[in-house]
Structures are given as C-alpha cells and as structure tokens.
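Have a look at query_15.txt below; it lists compact mmCIF, C-alpha atoms.
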# COMPACT_ATOMS: atom_id res chain seq x y z
CA MET A 1 0.00 0.00 0.00
CA THR A 2 2.84 2.37 0.86
CA LYS A 3 4.51 1.67 -2.50
CA ILE A 4 1.33 2.51 -4.39
CA PHE A 5 0.90 5.75 -2.45
CA LEU A 6 4.53 6.68 -3.07
CA MET A 7 4.19 5.97 -6.82
CA ILE A 8 1.03 8.10 -7.07
CA ALA A 9 2.62 10.94 -5.09
CA THR A 10 5.72 10.84 -7.33
CA LEU A 11 3.60 10.85 -10.48
CA LEU A 12 1.57 13.83 -9.25
CA PHE A 13 4.76 15.68 -8.32
CA ILE A 14 6.36 15.07 -11.73
CA THR A 15 3.18 16.05 -13.58
CA GLY A 16 2.75 19.21 -11.52
CA CYS A 17 6.34 20.26 -12.03
CA SER A 18 6.27 19.83 -15.80
CA THR A 19 3.72 22.60 -16.45
CA TYR A 20 4.98 25.30 -18.81
CA THR A 21 4.92 28.66 -17.02
CA LEU A 22 4.68 32.30 -18.02
CA GLU A 23 8.24 32.82 -16.77
CA GLU A 24 9.53 30.04 -19.05
CA ALA A 25 7.64 31.54 -22.00
CA LYS A 26 9.20 34.95 -21.29
CA LYS A 27 12.71 33.47 -21.08
CA GLU A 28 12.27 31.62 -24.38
CA GLY A 29 10.96 34.71 -26.14
CA ALA A 30 7.62 33.07 -26.91
CA ILE A 31 4.70 35.19 -28.01
CA VAL A 32 2.30 35.18 -25.05
CA GLU A 33 -1.48 35.67 -25.10
CA GLY A 34 -3.92 35.74 -22.21
CA PRO A 35 -3.17 36.60 -18.59
CA GLY A 36 0.33 38.03 -18.48
CA GLY A 37 0.33 38.95 -22.19
CA PRO A 38 0.65 40.11 -24.81
CA LEU A 39 4.41 39.70 -24.78
CA ASN A 40 7.19 39.47 -27.36
CA LEU A 41 5.11 40.61 -30.34
CA GLU A 42 8.29 41.81 -32.04
CA SER A 43 9.27 38.13 -32.38
CA LEU A 44 6.11 37.53 -34.42
CA GLU A 45 6.85 40.40 -36.80
CA ARG A 46 10.49 39.31 -37.13
CA PHE A 47 9.45 35.71 -37.91
CA PHE A 48 7.12 36.90 -40.70
CA GLU A 49 9.93 39.07 -42.14
CA ASP A 50 12.38 36.15 -41.96
CA VAL A 51 9.99 33.81 -43.78
CA ASP A 52 9.53 36.47 -46.49
CA ALA A 53 13.33 36.53 -46.85
CA SER A 54 13.50 32.66 -46.88
CA ILE A 55 15.35 32.58 -43.55
CA LYS A 56 14.67 29.42 -41.55
CA GLY A 57 13.32 29.83 -38.05
CA GLU A 58 10.96 28.82 -35.29
CA LEU A 59 8.22 30.60 -33.39
CA ARG A 60 6.35 29.61 -30.24
CA ILE A 61 2.95 31.07 -29.37
CA VAL A 62 1.54 30.36 -25.93
CA ARG A 63 -2.03 31.12 -24.93
CA PHE A 64 -2.59 30.96 -21.20
CA ASP A 65 -6.23 30.41 -20.24
CA ASP A 66 -7.84 32.01 -17.19
CA GLU A 67 -6.66 29.10 -15.02
CA GLY A 68 -3.06 29.48 -16.18
CA LYS A 69 -3.02 26.38 -18.39
CA PRO A 70 -0.75 26.85 -21.43
CA HIS A 71 -1.90 26.07 -24.98
CA ILE A 72 1.23 25.91 -27.11
CA GLY A 73 1.59 26.31 -30.86
CA ASP A 74 4.93 25.99 -32.64
CA VAL A 75 5.61 27.21 -36.17
CA ILE A 76 8.77 25.95 -37.88
CA TYR A 77 9.96 27.27 -41.23
CA THR A 78 12.34 25.06 -43.22
CA ASP A 79 12.84 24.54 -46.93
CA GLU A 80 9.91 26.72 -48.04
CA HIS A 81 7.36 24.88 -45.88
CA LEU A 82 5.80 25.83 -42.58
CA GLN A 83 5.10 23.12 -40.03
CA TYR A 84 2.57 23.97 -37.34
CA ARG A 85 2.28 21.89 -34.17
CA TYR A 86 -0.57 22.45 -31.77
CA GLY A 87 -0.77 19.93 -28.97
CA ASP A 88 -0.23 16.52 -30.53
CA LYS A 89 -1.49 17.59 -33.99
CA LYS A 90 0.55 18.78 -36.97
CA ALA A 91 -0.19 20.65 -40.18
CA THR A 92 1.94 21.68 -43.16
CA CYS A 93 1.27 25.13 -44.62
CA LYS A 94 2.53 27.04 -47.65
CA GLY A 95 2.56 30.64 -46.48
CA LEU A 96 1.79 33.42 -44.04
CA ARG A 97 -0.36 36.50 -44.18
CA VAL A 98 -1.54 39.29 -41.93
CA GLU A 99 -5.14 40.44 -42.18
CA GLU A 100 -6.09 43.87 -40.98
CA ASN A 101 -9.54 44.13 -39.45
CA PRO A 102 -11.48 46.57 -41.68
CA ALA A 103 -13.75 47.51 -38.77
CA SER A 104 -10.83 48.44 -36.51
CA SER A 105 -7.47 49.98 -37.30
CA THR A 106 -6.03 48.46 -34.14
CA SER A 107 -6.46 44.73 -34.70
CA ARG A 108 -4.64 42.29 -36.98
CA GLN A 109 -4.85 38.55 -37.42
CA TYR A 110 -1.73 36.51 -38.18
CA LEU A 111 -2.47 33.48 -40.34
CA LEU A 112 -0.89 30.38 -41.84
CA THR A 113 -2.20 29.78 -45.37
CA GLY A 114 -2.50 26.84 -47.75
CA CYS A 115 -2.55 24.32 -44.90
CA ASP A 116 -3.11 20.62 -45.54
CA ARG A 117 -5.40 20.54 -42.50
CA VAL A 118 -6.78 23.03 -40.02
CA ILE A 119 -5.82 22.51 -36.39
CA GLY A 120 -6.24 24.93 -33.51
CA GLN A 121 -8.17 28.04 -34.51
CA ALA A 122 -9.43 28.25 -38.10
CA GLY A 123 -8.72 31.39 -40.09
CA PRO A 124 -11.29 33.34 -42.13
CA GLU A 125 -10.43 31.60 -45.42
CA GLU A 126 -10.39 27.93 -46.33
CA ASN A 127 -7.23 26.03 -45.27
CA GLU A 128 -6.04 28.81 -42.96
CA ILE A 129 -4.97 28.65 -39.35
CA ALA A 130 -5.12 31.71 -37.11
CA ILE A 131 -1.99 31.74 -34.98
CA TYR A 132 -2.39 35.12 -33.30
CA LEU A 133 -4.95 37.91 -33.01
CA ASP A 134 -3.42 41.25 -32.08
CA PHE A 135 -5.56 43.96 -30.44
CA GLN A 136 -3.26 46.95 -30.10
Let me see the file written as structure tokens.
Amino acid sequence: MTKIFLMIATLLFITGCSTYTLEEAKKEGAIVEGPGGPLNLESLERFFEDVDASIKGELRIVRFDDEGKPHIGDVIYTDEHLQYRYGDKKATCKGLRVEENPASSTSRQYLLTGCDRVIGQAGPEENEIAIYLDFQ
C-alpha cells in the first residue's frame, strides 16, 4: 500500500512540475497571449519578415487560459514549408499573411495559409490557421 501511495505521489509531483509557465515563456521569447500577455510581439513580426526573406526559423505562441493552463503552438519554417504543431497535432502550410480588421485599425490577425489541414483556430479563409490575433 505504501509503494502505491509513493508511486502516485511521485507521479503527481512530476506532472505538476512539468507545467509550462509564463516565466519560461518569457525566457524563451515566446509570443504570449492571455493573462500576463501580450508579450514578445516583435518576435512575431520578425518571424514573418524572416519567412519572407526565406530565412529558416521557429516561433512559439503560448495562450494561457484564465486558469493558467498553457496552450502551445509551434511554427517551424524550413525549406519553403511551414510546419505547425498544436498539442499533438501537426499541419503543413505554404505561407503566411496578416489580415487587418477593416472595422478596426487596431487589430490584426496573423495566419498560416495553404494548410493541408486546419488545427487549432481556423482562419477566415479555407485552409487557414489563425496563430495570433493582435488587439493593439
């Protein structure tokens, strides 16, 4: 009985300690949404510029919900393709675009385009994935 209790306690400890935090996201330079954000938006702009210039790179976007749980999306640009990972799902996309909101001069939506599947939040057009919505 003691062994079972010890195993459960160890498992709970390991699981609790492996949660991605706002501080870790800040250190990594991840784009942060939700409580504690927005942060590191310059990384998003730089990533879009790098892709336009065919420079390989990676981008992490973390949305923290009201309870502090992280929802992580990773965009990786290599060899003219964009790989998007959200949770345990993956999509391959062909491009990026920024859509200005015509009703508001202060909001923009950052999108992956030409995706083989839509995971996470769908964009306004077919085969698009919304990776970030910016309300400045």
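One distance worth recording is that between atom CA of Cys93 of chain A and atom CA of Asp79 of chain A, which is 11.8 Å.
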Contacts of Ser43 of chain A within 12 Å, all atoms listed in the file, excl. fewer than 4 positions in-chain, as a PDB file with C-alpha atoms, in the frame of the given file:
ATOM      1  CA  LYS A  26       9.200  34.950 -21.290  1.00  0.00           C
ATOM      2  CA  GLU A  28      12.270  31.620 -24.380  1.00  0.00           C
ATOM      3  CA  GLY A  29      10.960  34.710 -26.140  1.00  0.00           C
ATOM      4  CA  ALA A  30       7.620  33.070 -26.910  1.00  0.00           C
ATOM      5  CA  ILE A  31       4.700  35.190 -28.010  1.00  0.00           C
ATOM      6  CA  VAL A  32       2.300  35.180 -25.050  1.00  0.00           C
ATOM      7  CA  PRO A  38       0.650  40.110 -24.810  1.00  0.00           C
ATOM      8  CA  LEU A  39       4.410  39.700 -24.780  1.00  0.00           C
ATOM      9  CA  PHE A  47       9.450  35.710 -37.910  1.00  0.00           C
ATOM     10  CA  PHE A  48       7.120  36.900 -40.700  1.00  0.00           C
ATOM     11  CA  GLU A  49       9.930  39.070 -42.140  1.00  0.00           C
ATOM     12  CA  ASP A  50      12.380  36.150 -41.960  1.00  0.00           C
ATOM     13  CA  GLY A  57      13.320  29.830 -38.050  1.00  0.00           C
ATOM     14  CA  GLU A  58      10.960  28.820 -35.290  1.00  0.00           C
ATOM     15  CA  LEU A  59       8.220  30.600 -33.390  1.00  0.00           C
ATOM     16  CA  ARG A  60       6.350  29.610 -30.240  1.00  0.00           C
ATOM     17  CA  ILE A  61       2.950  31.070 -29.370  1.00  0.00           C
TER      18      ILE A  61
END
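With distances taken over all atoms listed in the file, A:Gln109 is the one residue among A:Asn101, A:Gln109, A:Thr92, A:Thr19 lying closest to Glu45 of chain A.
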For a cut-off of 12 Å around (-2.1, 23.0, -49.5), file coordinates, pick out all residues using all atoms listed in the file and list them as a PDB file with C-alpha atoms, in the coordinates of the input.
ATOM      1  CA  HIS A  81       7.360  24.880 -45.880  1.00  0.00           C
ATOM      2  CA  LEU A  82       5.800  25.830 -42.580  1.00  0.00           C
ATOM      3  CA  GLN A  83       5.100  23.120 -40.030  1.00  0.00           C
ATOM      4  CA  ALA A  91      -0.190  20.650 -40.180  1.00  0.00           C
ATOM      5  CA  THR A  92       1.940  21.680 -43.160  1.00  0.00           C
ATOM      6  CA  CYS A  93       1.270  25.130 -44.620  1.00  0.00           C
ATOM      7  CA  LYS A  94       2.530  27.040 -47.650  1.00  0.00           C
ATOM      8  CA  GLY A  95       2.560  30.640 -46.480  1.00  0.00           C
ATOM      9  CA  LEU A 112      -0.890  30.380 -41.840  1.00  0.00           C
ATOM     10  CA  THR A 113      -2.200  29.780 -45.370  1.00  0.00           C
ATOM     11  CA  GLY A 114      -2.500  26.840 -47.750  1.00  0.00           C
ATOM     12  CA  CYS A 115      -2.550  24.320 -44.900  1.00  0.00           C
ATOM     13  CA  ASP A 116      -3.110  20.620 -45.540  1.00  0.00           C
ATOM     14  CA  ARG A 117      -5.400  20.540 -42.500  1.00  0.00           C
ATOM     15  CA  VAL A 118      -6.780  23.030 -40.020  1.00  0.00           C
ATOM     16  CA  GLU A 126     -10.390  27.930 -46.330  1.00  0.00           C
ATOM     17  CA  ASN A 127      -7.230  26.030 -45.270  1.00  0.00           C
ATOM     18  CA  GLU A 128      -6.040  28.810 -42.960  1.00  0.00           C
ATOM     19  CA  ILE A 129      -4.970  28.650 -39.350  1.00  0.00           C
TER      20      ILE A 129
END
Padding 3 Å on every side, please: axis-aligned box over the listed atoms of segment 18-27 of chain A, centre and edge lengths to one decimal in Å, as JSON.
{"center_x": 8.2, "center_y": 27.4, "center_z": -18.9, "size_x": 15.0, "size_y": 21.1, "size_z": 12.2}
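Minimum distance to Ala25 of chain A across A:Arg46, A:Arg63, A:Arg97, A:Arg85 (counting all atoms listed in the file) occurs at A:Arg63.
When all atoms listed in the file are used to compute distances to Thr21 of chain A, the closest of the residues A:Gly68, A:Pro35, A:Gly87, A:Gly73 turns out to be A:Gly68.
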